[in-house]
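One file, start.pdb, carrying PDB, C-alpha atoms:
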ATOM      1  CA  MET A   1       0.000   0.000   0.000  1.00  0.00           C
ATOM      2  CA  ARG A   2       1.187   3.492  -0.766  1.00  0.00           C
ATOM      3  CA  ASN A   3       1.441   6.170   1.949  1.00  0.00           C
ATOM      4  CA  LEU A   4      -1.294   8.128   0.188  1.00  0.00           C
ATOM      5  CA  ASP A   5      -3.858   5.436   0.870  1.00  0.00           C
ATOM      6  CA  ALA A   6      -4.556   6.505   4.462  1.00  0.00           C
ATOM      7  CA  MET A   7      -5.226  10.129   3.518  1.00  0.00           C
ATOM      8  CA  GLU A   8      -7.349   9.074   0.534  1.00  0.00           C
ATOM      9  CA  HIS A   9      -9.331   6.808   2.851  1.00  0.00           C
ATOM     10  CA  ASP A  10      -9.918   9.712   5.264  1.00  0.00           C
ATOM     11  CA  ILE A  11     -11.045  12.021   2.454  1.00  0.00           C
ATOM     12  CA  ALA A  12     -13.359   9.331   1.050  1.00  0.00           C
ATOM     13  CA  GLY A  13     -14.912   8.960   4.491  1.00  0.00           C
ATOM     14  CA  TRP A  14     -15.429  12.717   4.723  1.00  0.00           C
ATOM     15  CA  ILE A  15     -17.102  12.697   1.309  1.00  0.00           C
ATOM     16  CA  HIS A  16     -19.528   9.978   2.390  1.00  0.00           C
ATOM     17  CA  SER A  17     -20.354  11.771   5.644  1.00  0.00           C
ATOM     18  CA  GLU A  18     -20.653  15.115   3.792  1.00  0.00           C
ATOM     19  CA  ASP A  19     -17.936  16.580   5.996  1.00  0.00           C
ATOM     20  CA  PRO A  20     -16.976  20.074   4.791  1.00  0.00           C
ATOM     21  CA  ARG A  21     -13.268  19.142   5.067  1.00  0.00           C
ATOM     22  CA  ALA A  22     -13.547  16.803   2.070  1.00  0.00           C
ATOM     23  CA  PHE A  23     -13.227  19.197  -0.850  1.00  0.00           C
ATOM     24  CA  PRO A  24     -10.473  21.433   0.590  1.00  0.00           C
ATOM     25  CA  GLU A  25      -8.490  18.273   1.334  1.00  0.00           C
ATOM     26  CA  ILE A  26      -9.015  17.003  -2.220  1.00  0.00           C
ATOM     27  CA  VAL A  27      -7.621  20.301  -3.503  1.00  0.00           C
ATOM     28  CA  ARG A  28      -4.690  20.196  -1.071  1.00  0.00           C
ATOM     29  CA  HIS A  29      -3.954  16.529  -1.634  1.00  0.00           C
ATOM     30  CA  PHE A  30      -4.494  16.282  -5.403  1.00  0.00           C
ATOM     31  CA  GLY A  31      -4.298  19.829  -6.753  1.00  0.00           C
ATOM     32  CA  ASP A  32      -0.663  19.656  -7.864  1.00  0.00           C
ATOM     33  CA  ARG A  33      -1.097  16.214  -9.417  1.00  0.00           C
ATOM     34  CA  VAL A  34      -4.222  17.349 -11.246  1.00  0.00           C
ATOM     35  CA  PHE A  35      -2.207  20.264 -12.656  1.00  0.00           C
ATOM     36  CA  GLN A  36       0.712  17.986 -13.561  1.00  0.00           C
ATOM     37  CA  LEU A  37      -1.548  15.590 -15.456  1.00  0.00           C
ATOM     38  CA  ALA A  38      -3.331  18.474 -17.185  1.00  0.00           C
ATOM     39  CA  TYR A  39      -0.028  20.103 -18.150  1.00  0.00           C
ATOM     40  CA  ARG A  40       1.402  16.913 -19.618  1.00  0.00           C
ATOM     41  CA  MET A  41      -1.787  16.354 -21.580  1.00  0.00           C
ATOM     42  CA  THR A  42      -2.175  19.926 -22.860  1.00  0.00           C
ATOM     43  CA  GLY A  43       1.456  21.069 -23.035  1.00  0.00           C
ATOM     44  CA  SER A  44       0.495  24.543 -21.878  1.00  0.00           C
ATOM     45  CA  VAL A  45       0.635  26.095 -18.414  1.00  0.00           C
ATOM     46  CA  HIS A  46      -2.331  28.324 -19.228  1.00  0.00           C
ATOM     47  CA  ASP A  47      -4.418  25.438 -20.575  1.00  0.00           C
ATOM     48  CA  ALA A  48      -3.403  23.220 -17.659  1.00  0.00           C
ATOM     49  CA  GLU A  49      -4.603  25.852 -15.183  1.00  0.00           C
ATOM     50  CA  ASP A  50      -7.929  26.047 -17.020  1.00  0.00           C
ATOM     51  CA  VAL A  51      -8.250  22.244 -17.039  1.00  0.00           C
ATOM     52  CA  ARG A  52      -7.258  22.036 -13.364  1.00  0.00           C
ATOM     53  CA  GLN A  53      -9.903  24.587 -12.453  1.00  0.00           C
ATOM     54  CA  GLU A  54     -12.545  22.773 -14.515  1.00  0.00           C
ATOM     55  CA  ALA A  55     -11.577  19.372 -13.079  1.00  0.00           C
ATOM     56  CA  LEU A  56     -11.706  20.651  -9.492  1.00  0.00           C
ATOM     57  CA  LEU A  57     -15.053  22.309 -10.180  1.00  0.00           C
ATOM     58  CA  ARG A  58     -16.386  19.014 -11.536  1.00  0.00           C
ATOM     59  CA  MET A  59     -15.077  17.225  -8.450  1.00  0.00           C
ATOM     60  CA  HIS A  60     -16.838  19.692  -6.177  1.00  0.00           C
ATOM     61  CA  ARG A  61     -20.100  19.375  -8.101  1.00  0.00           C
ATOM     62  CA  SER A  62     -19.987  15.582  -8.132  1.00  0.00           C
ATOM     63  CA  LEU A  63     -18.781  14.829  -4.603  1.00  0.00           C
ATOM     64  CA  GLY A  64     -22.105  13.143  -3.909  1.00  0.00           C
ATOM     65  CA  GLY A  65     -21.536  10.891  -6.901  1.00  0.00           C
ATOM     66  CA  PHE A  66     -18.344   9.398  -5.495  1.00  0.00           C
ATOM     67  CA  ASP A  67     -19.518   5.989  -4.374  1.00  0.00           C
ATOM     68  CA  GLY A  68     -16.215   4.457  -3.291  1.00  0.00           C
ATOM     69  CA  ARG A  69     -16.275   1.609  -5.832  1.00  0.00           C
ATOM     70  CA  SER A  70     -12.952   2.910  -7.110  1.00  0.00           C
ATOM     71  CA  SER A  71     -10.209   4.624  -5.178  1.00  0.00           C
ATOM     72  CA  LEU A  72     -10.400   8.366  -4.665  1.00  0.00           C
ATOM     73  CA  SER A  73      -7.298   8.886  -6.827  1.00  0.00           C
ATOM     74  CA  THR A  74      -8.905   6.905  -9.666  1.00  0.00           C
ATOM     75  CA  TRP A  75     -11.981   9.140  -9.452  1.00  0.00           C
ATOM     76  CA  VAL A  76      -9.844  12.309  -9.373  1.00  0.00           C
ATOM     77  CA  TYR A  77      -7.689  11.278 -12.344  1.00  0.00           C
ATOM     78  CA  ARG A  78     -10.708  10.110 -14.364  1.00  0.00           C
ATOM     79  CA  LEU A  79     -12.436  13.479 -13.880  1.00  0.00           C
ATOM     80  CA  THR A  80      -9.181  15.226 -14.769  1.00  0.00           C
ATOM     81  CA  LEU A  81      -8.748  13.213 -17.968  1.00  0.00           C
ATOM     82  CA  ASN A  82     -12.357  13.917 -18.909  1.00  0.00           C
ATOM     83  CA  ALA A  83     -11.738  17.639 -18.381  1.00  0.00           C
ATOM     84  CA  CYS A  84      -8.580  17.351 -20.519  1.00  0.00           C
ATOM     85  CA  HIS A  85     -10.528  15.643 -23.312  1.00  0.00           C
ATOM     86  CA  ASP A  86     -13.301  18.242 -23.231  1.00  0.00           C
ATOM     87  CA  TYR A  87     -10.860  21.138 -23.136  1.00  0.00           C
ATOM     88  CA  GLY A  88      -8.767  19.578 -25.883  1.00  0.00           C
ATOM     89  CA  ARG A  89     -11.753  19.343 -28.180  1.00  0.00           C
ATOM     90  CA  LYS A  90     -12.355  23.056 -27.682  1.00  0.00           C
ATOM     91  CA  GLN A  91      -8.755  24.269 -27.651  1.00  0.00           C
ATOM     92  CA  ARG A  92      -6.743  21.771 -29.697  1.00  0.00           C
ATOM     93  CA  SER A  93      -5.300  24.206 -32.195  1.00  0.00           C
ATOM     94  CA  THR A  94      -4.617  26.922 -29.617  1.00  0.00           C
ATOM     95  CA  ALA A  95      -2.608  24.556 -27.385  1.00  0.00           C
ATOM     96  CA  ARG A  96      -0.461  23.319 -30.285  1.00  0.00           C
ATOM     97  CA  VAL A  97       0.309  26.839 -31.493  1.00  0.00           C
ATOM     98  CA  GLU A  98       1.234  27.934 -27.961  1.00  0.00           C
ATOM     99  CA  ARG A  99       3.503  24.913 -27.437  1.00  0.00           C
ATOM    100  CA  VAL A 100       5.342  25.426 -30.729  1.00  0.00           C
ATOM    101  CA  ALA A 101       5.750  29.129 -29.974  1.00  0.00           C
ATOM    102  CA  ALA A 102       7.064  28.379 -26.474  1.00  0.00           C
ATOM    103  CA  VAL A 103       9.572  25.861 -27.780  1.00  0.00           C
ATOM    104  CA  ALA A 104      10.701  28.263 -30.510  1.00  0.00           C
ATOM    105  CA  ALA A 105      11.088  30.964 -27.861  1.00  0.00           C
ATOM    106  CA  LEU A 106      13.611  28.787 -26.042  1.00  0.00           C
ATOM    107  CA  GLY A 107      16.031  29.623 -28.822  1.00  0.00           C
ATOM    108  CA  SER A 108      17.004  33.075 -29.959  1.00  0.00           C
ATOM    109  CA  HIS A 109      14.374  35.715 -30.593  1.00  0.00           C
ATOM    110  CA  SER A 110      14.874  35.182 -34.303  1.00  0.00           C
ATOM    111  CA  ALA A 111      14.079  31.473 -34.154  1.00  0.00           C
ATOM    112  CA  SER A 112      11.369  30.334 -36.523  1.00  0.00           C
ATOM    113  CA  VAL A 113       8.613  27.942 -35.514  1.00  0.00           C
ATOM    114  CA  GLY A 114      10.402  25.093 -37.298  1.00  0.00           C
ATOM    115  CA  ASP A 115      13.740  25.830 -35.654  1.00  0.00           C
ATOM    116  CA  THR A 116      15.008  22.818 -33.718  1.00  0.00           C
ATOM    117  CA  SER A 117      18.375  24.276 -32.730  1.00  0.00           C
ATOM    118  CA  TRP A 118      17.213  24.087 -29.113  1.00  0.00           C
ATOM    119  CA  VAL A 119      17.850  20.352 -29.381  1.00  0.00           C
ATOM    120  CA  ASP A 120      21.551  21.027 -29.811  1.00  0.00           C
ATOM    121  CA  ARG A 121      21.519  23.172 -26.676  1.00  0.00           C
ATOM    122  CA  GLY A 122      20.450  20.165 -24.632  1.00  0.00           C
ATOM    123  CA  ASP A 123      16.871  21.081 -23.774  1.00  0.00           C
ATOM    124  CA  ILE A 124      15.659  17.515 -23.492  1.00  0.00           C
ATOM    125  CA  GLY A 125      12.543  18.623 -21.607  1.00  0.00           C
ATOM    126  CA  ALA A 126      11.323  20.602 -24.608  1.00  0.00           C
ATOM    127  CA  ALA A 127      12.180  17.707 -26.920  1.00  0.00           C
ATOM    128  CA  VAL A 128      10.199  15.263 -24.784  1.00  0.00           C
ATOM    129  CA  SER A 129       7.290  17.703 -24.622  1.00  0.00           C
ATOM    130  CA  ILE A 130       7.186  17.934 -28.415  1.00  0.00           C
ATOM    131  CA  ALA A 131       7.455  14.142 -28.701  1.00  0.00           C
ATOM    132  CA  LEU A 132       4.578  13.634 -26.227  1.00  0.00           C
ATOM    133  CA  ASP A 133       2.429  15.958 -28.293  1.00  0.00           C
ATOM    134  CA  LYS A 134       2.911  13.677 -31.307  1.00  0.00           C
ATOM    135  CA  LEU A 135       1.550  10.596 -29.521  1.00  0.00           C
ATOM    136  CA  THR A 136      -2.080   9.541 -29.674  1.00  0.00           C
ATOM    137  CA  VAL A 137      -4.138  10.779 -26.753  1.00  0.00           C
ATOM    138  CA  SER A 138      -4.541   7.292 -25.273  1.00  0.00           C
ATOM    139  CA  THR A 139      -0.811   6.573 -25.509  1.00  0.00           C
ATOM    140  CA  ARG A 140       0.092   9.977 -24.022  1.00  0.00           C
ATOM    141  CA  GLU A 141      -2.368   9.432 -21.148  1.00  0.00           C
ATOM    142  CA  ALA A 142      -0.865   6.066 -20.262  1.00  0.00           C
ATOM    143  CA  LEU A 143       2.724   7.309 -20.550  1.00  0.00           C
ATOM    144  CA  VAL A 144       2.089  10.475 -18.524  1.00  0.00           C
ATOM    145  CA  MET A 145       0.263   8.642 -15.747  1.00  0.00           C
ATOM    146  CA  ARG A 146       2.956   5.972 -15.557  1.00  0.00           C
ATOM    147  CA  HIS A 147       6.080   8.126 -15.746  1.00  0.00           C
ATOM    148  CA  TYR A 148       5.016  11.538 -14.454  1.00  0.00           C
ATOM    149  CA  LEU A 149       2.442  10.540 -11.853  1.00  0.00           C
ATOM    150  CA  ALA A 150       4.114   7.200 -10.978  1.00  0.00           C
ATOM    151  CA  LEU A 151       0.835   5.288 -11.105  1.00  0.00           C
ATOM    152  CA  THR A 152       0.889   1.517 -11.392  1.00  0.00           C
ATOM    153  CA  PHE A 153      -0.396  -0.274 -14.482  1.00  0.00           C
ATOM    154  CA  PRO A 154      -3.500  -1.529 -12.613  1.00  0.00           C
ATOM    155  CA  GLU A 155      -4.254   2.011 -11.380  1.00  0.00           C
ATOM    156  CA  ILE A 156      -4.005   3.418 -14.901  1.00  0.00           C
ATOM    157  CA  ALA A 157      -6.142   0.584 -16.256  1.00  0.00           C
ATOM    158  CA  GLU A 158      -8.844   1.350 -13.713  1.00  0.00           C
ATOM    159  CA  ILE A 159      -8.744   5.082 -14.500  1.00  0.00           C
ATOM    160  CA  VAL A 160      -9.084   4.678 -18.263  1.00  0.00           C
ATOM    161  CA  GLY A 161     -11.252   1.547 -18.172  1.00  0.00           C
ATOM    162  CA  GLU A 162      -8.916  -0.634 -20.221  1.00  0.00           C
ATOM    163  CA  PRO A 163      -7.168  -3.952 -19.483  1.00  0.00           C
ATOM    164  CA  VAL A 164      -3.757  -3.817 -17.812  1.00  0.00           C
ATOM    165  CA  THR A 165      -2.178  -5.483 -20.858  1.00  0.00           C
ATOM    166  CA  THR A 166      -3.481  -2.676 -23.075  1.00  0.00           C
ATOM    167  CA  ILE A 167      -1.972  -0.072 -20.750  1.00  0.00           C
ATOM    168  CA  LYS A 168       1.376  -1.871 -20.699  1.00  0.00           C
ATOM    169  CA  SER A 169       1.357  -2.000 -24.499  1.00  0.00           C
ATOM    170  CA  ARG A 170       0.544   1.696 -24.747  1.00  0.00           C
ATOM    171  CA  VAL A 171       3.311   2.671 -22.326  1.00  0.00           C
ATOM    172  CA  LEU A 172       5.881   0.520 -24.099  1.00  0.00           C
ATOM    173  CA  ALA A 173       4.787   1.766 -27.522  1.00  0.00           C
ATOM    174  CA  GLY A 174       4.802   5.354 -26.259  1.00  0.00           C
ATOM    175  CA  LEU A 175       8.301   5.015 -24.847  1.00  0.00           C
ATOM    176  CA  GLN A 176       9.523   3.604 -28.152  1.00  0.00           C
ATOM    177  CA  GLN A 177       7.819   6.380 -30.113  1.00  0.00           C
ATOM    178  CA  VAL A 178       9.330   9.074 -27.881  1.00  0.00           C
ATOM    179  CA  ARG A 179      12.745   7.400 -28.168  1.00  0.00           C
ATOM    180  CA  ASP A 180      12.427   7.298 -31.975  1.00  0.00           C
ATOM    181  CA  LEU A 181      11.291  10.923 -32.157  1.00  0.00           C
ATOM    182  CA  LEU A 182      14.188  12.048 -29.970  1.00  0.00           C
ATOM    183  CA  GLU A 183      16.634  10.100 -32.106  1.00  0.00           C
ATOM    184  CA  ASP A 184      15.119  11.669 -35.235  1.00  0.00           C
ATOM    185  CA  GLN A 185      15.803  15.071 -33.671  1.00  0.00           C
ATOM    186  CA  GLY A 186      19.419  14.173 -33.056  1.00  0.00           C
ATOM    187  CA  ARG A 187      18.997  13.369 -29.371  1.00  0.00           C
ATOM    188  CA  THR A 188      20.057  10.040 -27.984  1.00  0.00           C
ATOM    189  CA  THR A 189      18.118   8.439 -25.215  1.00  0.00           C
ATOM    190  CA  GLN A 190      21.185   7.153 -23.444  1.00  0.00           C
ATOM    191  CA  THR A 191      23.308   9.300 -21.197  1.00  0.00           C
ATOM    192  CA  GLU A 192      26.749   9.991 -22.477  1.00  0.00           C
TER     193      GLU A 192
END
Could you spell out this file's structure in structure tokens?
Amino acid sequence: MRNLDAMEHDIAGWIHSEDPRAFPEIVRHFGDRVFQLAYRMTGSVHDAEDVRQEALLRMHRSLGGFDGRSSLSTWVYRLTLNACHDYGRKQRSTARVERVAAVAALGSHSASVGDTSWVDRGDIGAAVSIALDKLTVSTREALVMRHYLALTFPEIAEIVGEPVTTIKSRVLAGLQQVRDLLEDQGRTTQTE
């Protein structure tokens, strides 16, 4: 069992007893992870803040709908992914333009949108961000939850409603795709 389980259990109990401590504790306990998931899915700080706010609002509105059949973290991440999907449908082109502009801005002020010279300067974080954006949504979800949120394969499977084997395949395929994209950009995935 993870250390988070005890706090999640307490919060779940507060939800069921309609204790007013429940929602503020959800925000305190999960707020940063909700933002982290939203950021990795949208690639934009601004969009991630909007998604985080929407996800937390949905959580507040649907506290009575949490029935405890899944863990609290599963419920939180599912609502967050749903908010990401809804926001992405509305803002897809805006998020991509902002991400490309931000990456281009990492270079000199004269860098064009297609400029990848930042790769030579060692900004692996930007390279990974661009690579994640090229993955399918389902692959990116699985990879982000596994490697940025450190969720287990069974936890991810429960959140997205897919078999564990499917999640493992998506993570492995996503890792290979990111590795290939980084190699295509002149980055190696091994430390030198």
Ranking A:Glu155, A:Asp86, A:Asp32, A:Glu25 by minimum distance to Met7 of chain A and counting only C-alpha atoms, which one comes first?
A:Glu25
Test item: the PyMOL selection byres ((chain A and resi 160) around 10) resolved as a PDB file with C-alpha atoms, in the frame of the given file:
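The resulting file, expr_4.pdb, is shown below:
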ATOM      1  CA  THR A  74      -8.905   6.905  -9.666  1.00  0.00           C
ATOM      2  CA  TYR A  77      -7.689  11.278 -12.344  1.00  0.00           C
ATOM      3  CA  ARG A  78     -10.708  10.110 -14.364  1.00  0.00           C
ATOM      4  CA  LEU A  81      -8.748  13.213 -17.968  1.00  0.00           C
ATOM      5  CA  ASN A  82     -12.357  13.917 -18.909  1.00  0.00           C
ATOM      6  CA  SER A 138      -4.541   7.292 -25.273  1.00  0.00           C
ATOM      7  CA  GLU A 141      -2.368   9.432 -21.148  1.00  0.00           C
ATOM      8  CA  ALA A 142      -0.865   6.066 -20.262  1.00  0.00           C
ATOM      9  CA  GLU A 155      -4.254   2.011 -11.380  1.00  0.00           C
ATOM     10  CA  ILE A 156      -4.005   3.418 -14.901  1.00  0.00           C
ATOM     11  CA  ALA A 157      -6.142   0.584 -16.256  1.00  0.00           C
ATOM     12  CA  GLU A 158      -8.844   1.350 -13.713  1.00  0.00           C
ATOM     13  CA  ILE A 159      -8.744   5.082 -14.500  1.00  0.00           C
ATOM     14  CA  GLY A 161     -11.252   1.547 -18.172  1.00  0.00           C
ATOM     15  CA  GLU A 162      -8.916  -0.634 -20.221  1.00  0.00           C
ATOM     16  CA  PRO A 163      -7.168  -3.952 -19.483  1.00  0.00           C
ATOM     17  CA  ILE A 167      -1.972  -0.072 -20.750  1.00  0.00           C
TER      18      ILE A 167
END
Residue members of the PyMOL selection byres ((chain A and resi 144) around 12) in the file shown, as number ranges by chain
A: 33-34, 36-43, 77, 81, 128-129, 132-133, 135-143, 145-153, 156, 167, 170-171, 174-175, 178
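Going from atom CA of Ala12 of chain A to atom CA of Cys84 of chain A covers 23.5 Å.
Atom pair atom CA of Trp75 of chain A / atom CA of Glu18 of chain A: separated by 16.9 Å.
Shortest atom-to-atom contact with Leu72 of chain A among A:Pro154, A:Gly186, A:Gly88, A:Gly13: A:Gly13, counting only C-alpha atoms.
Shortest atom-to-atom contact with Ala55 of chain A among A:Ser71, A:Arg28, A:Ala83, A:Thr165: A:Ala83, counting all atoms listed in the file.
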Residue nearest His9 of chain A among A:Asp47, A:Arg89, A:Arg179, A:Ser73 (counting only C-alpha atoms)
A:Ser73
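Interatomic distance, atom CA of Thr80 of chain A to atom CA of Arg52 of chain A: 7.2 Å.
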Given the point (-7.3, 23.8, -4.2) in the coordinates of this file, which residues lie within 12 Å, counting all atoms listed in the file, and how would they look as a PyMOL selection string?
chain A and resi 21-35+49+52-57+59-60
Supply segment 125-158 of chain A as an mmCIF file, in the coordinates of the input, with N, CA and C atoms built in where the input has gaps.
data_model
loop_
_atom_site.group_PDB
_atom_site.id
_atom_site.type_symbol
_atom_site.label_atom_id
_atom_site.label_comp_id
_atom_site.auth_asym_id
_atom_site.auth_seq_id
_atom_site.Cartn_x
_atom_site.Cartn_y
_atom_site.Cartn_z
ATOM 1 N N GLY A 125 13.925 18.454 -22.062
ATOM 2 C CA GLY A 125 12.543 18.623 -21.607
ATOM 3 C C GLY A 125 11.638 19.119 -22.723
ATOM 4 N N ALA A 126 12.109 20.089 -23.481
ATOM 5 C CA ALA A 126 11.323 20.602 -24.608
ATOM 6 C C ALA A 126 11.175 19.525 -25.677
ATOM 7 N N ALA A 127 12.229 18.767 -25.915
ATOM 8 C CA ALA A 127 12.180 17.707 -26.920
ATOM 9 C C ALA A 127 11.173 16.640 -26.521
ATOM 10 N N VAL A 128 11.160 16.265 -25.264
ATOM 11 C CA VAL A 128 10.199 15.263 -24.784
ATOM 12 C C VAL A 128 8.780 15.816 -24.872
ATOM 13 N N SER A 129 8.610 17.078 -24.539
ATOM 14 C CA SER A 129 7.290 17.703 -24.622
ATOM 15 C C SER A 129 6.747 17.664 -26.041
ATOM 16 N N ILE A 130 7.593 17.979 -27.005
ATOM 17 C CA ILE A 130 7.186 17.934 -28.415
ATOM 18 C C ILE A 130 6.861 16.484 -28.811
ATOM 19 N N ALA A 131 7.688 15.551 -28.366
ATOM 20 C CA ALA A 131 7.455 14.142 -28.701
ATOM 21 C C ALA A 131 6.130 13.656 -28.099
ATOM 22 N N LEU A 132 5.839 14.030 -26.858
ATOM 23 C CA LEU A 132 4.578 13.634 -26.227
ATOM 24 C C LEU A 132 3.390 14.157 -27.020
ATOM 25 N N ASP A 133 3.521 15.359 -27.540
ATOM 26 C CA ASP A 133 2.429 15.958 -28.293
ATOM 27 C C ASP A 133 2.127 15.182 -29.572
ATOM 28 N N LYS A 134 3.091 14.429 -30.065
ATOM 29 C CA LYS A 134 2.911 13.677 -31.307
ATOM 30 C C LYS A 134 2.281 12.301 -31.079
ATOM 31 N N LEU A 135 2.154 11.891 -29.833
ATOM 32 C CA LEU A 135 1.550 10.596 -29.521
ATOM 33 C C LEU A 135 0.030 10.691 -29.597
ATOM 34 N N THR A 136 -0.621 9.552 -29.758
ATOM 35 C CA THR A 136 -2.080 9.541 -29.674
ATOM 36 C C THR A 136 -2.469 9.891 -28.247
ATOM 37 N N VAL A 137 -3.676 10.379 -28.077
ATOM 38 C CA VAL A 137 -4.138 10.779 -26.753
ATOM 39 C C VAL A 137 -4.071 9.607 -25.779
ATOM 40 N N SER A 138 -4.524 8.436 -26.189
ATOM 41 C CA SER A 138 -4.541 7.292 -25.273
ATOM 42 C C SER A 138 -3.129 6.855 -24.884
ATOM 43 N N THR A 139 -2.190 6.928 -25.823
ATOM 44 C CA THR A 139 -0.811 6.573 -25.509
ATOM 45 C C THR A 139 -0.194 7.616 -24.581
ATOM 46 N N ARG A 140 -0.445 8.899 -24.866
ATOM 47 C CA ARG A 140 0.092 9.977 -24.022
ATOM 48 C C ARG A 140 -0.465 9.868 -22.613
ATOM 49 N N GLU A 141 -1.769 9.589 -22.472
ATOM 50 C CA GLU A 141 -2.368 9.432 -21.148
ATOM 51 C C GLU A 141 -1.646 8.351 -20.353
ATOM 52 N N ALA A 142 -1.496 7.194 -20.961
ATOM 53 C CA ALA A 142 -0.865 6.066 -20.262
ATOM 54 C C ALA A 142 0.574 6.397 -19.878
ATOM 55 N N LEU A 143 1.318 6.986 -20.803
ATOM 56 C CA LEU A 143 2.724 7.309 -20.550
ATOM 57 C C LEU A 143 2.861 8.372 -19.464
ATOM 58 N N VAL A 144 2.034 9.398 -19.520
ATOM 59 C CA VAL A 144 2.089 10.475 -18.524
ATOM 60 C C VAL A 144 1.729 9.946 -17.139
ATOM 61 N N MET A 145 0.659 9.155 -17.060
ATOM 62 C CA MET A 145 0.263 8.642 -15.747
ATOM 63 C C MET A 145 1.307 7.693 -15.175
ATOM 64 N N ARG A 146 1.955 6.924 -16.030
ATOM 65 C CA ARG A 146 2.956 5.972 -15.557
ATOM 66 C C ARG A 146 4.247 6.669 -15.138
ATOM 67 N N HIS A 147 4.749 7.580 -15.980
ATOM 68 C CA HIS A 147 6.080 8.126 -15.746
ATOM 69 C C HIS A 147 6.116 9.500 -15.098
ATOM 70 N N TYR A 148 5.028 10.238 -15.121
ATOM 71 C CA TYR A 148 5.016 11.538 -14.454
ATOM 72 C C TYR A 148 4.235 11.511 -13.154
ATOM 73 N N LEU A 149 3.220 10.654 -13.084
ATOM 74 C CA LEU A 149 2.442 10.540 -11.853
ATOM 75 C C LEU A 149 2.791 9.292 -11.058
ATOM 76 N N ALA A 150 3.632 8.425 -11.630
ATOM 77 C CA ALA A 150 4.114 7.200 -10.978
ATOM 78 C C ALA A 150 2.973 6.269 -10.563
ATOM 79 N N LEU A 151 1.925 6.210 -11.385
ATOM 80 C CA LEU A 151 0.835 5.288 -11.105
ATOM 81 C C LEU A 151 1.211 3.899 -11.597
ATOM 82 N N THR A 152 0.639 2.888 -10.973
ATOM 83 C CA THR A 152 0.889 1.517 -11.392
ATOM 84 C C THR A 152 0.037 1.207 -12.624
ATOM 85 N N PHE A 153 0.392 0.136 -13.323
ATOM 86 C CA PHE A 153 -0.396 -0.274 -14.482
ATOM 87 C C PHE A 153 -1.850 -0.572 -14.100
ATOM 88 N N PRO A 154 -2.097 -1.297 -12.998
ATOM 89 C CA PRO A 154 -3.500 -1.529 -12.613
ATOM 90 C C PRO A 154 -4.260 -0.234 -12.295
ATOM 91 N N GLU A 155 -3.589 0.743 -11.674
ATOM 92 C CA GLU A 155 -4.254 2.011 -11.380
ATOM 93 C C GLU A 155 -4.639 2.734 -12.670
ATOM 94 N N ILE A 156 -3.726 2.760 -13.625
ATOM 95 C CA ILE A 156 -4.005 3.418 -14.901
ATOM 96 C C ILE A 156 -5.142 2.697 -15.618
ATOM 97 N N ALA A 157 -5.101 1.373 -15.606
ATOM 98 C CA ALA A 157 -6.142 0.584 -16.256
ATOM 99 C C ALA A 157 -7.515 0.900 -15.672
ATOM 100 N N GLU A 158 -7.575 1.028 -14.366
ATOM 101 C CA GLU A 158 -8.844 1.350 -13.713
ATOM 102 C C GLU A 158 -9.316 2.753 -14.093
#
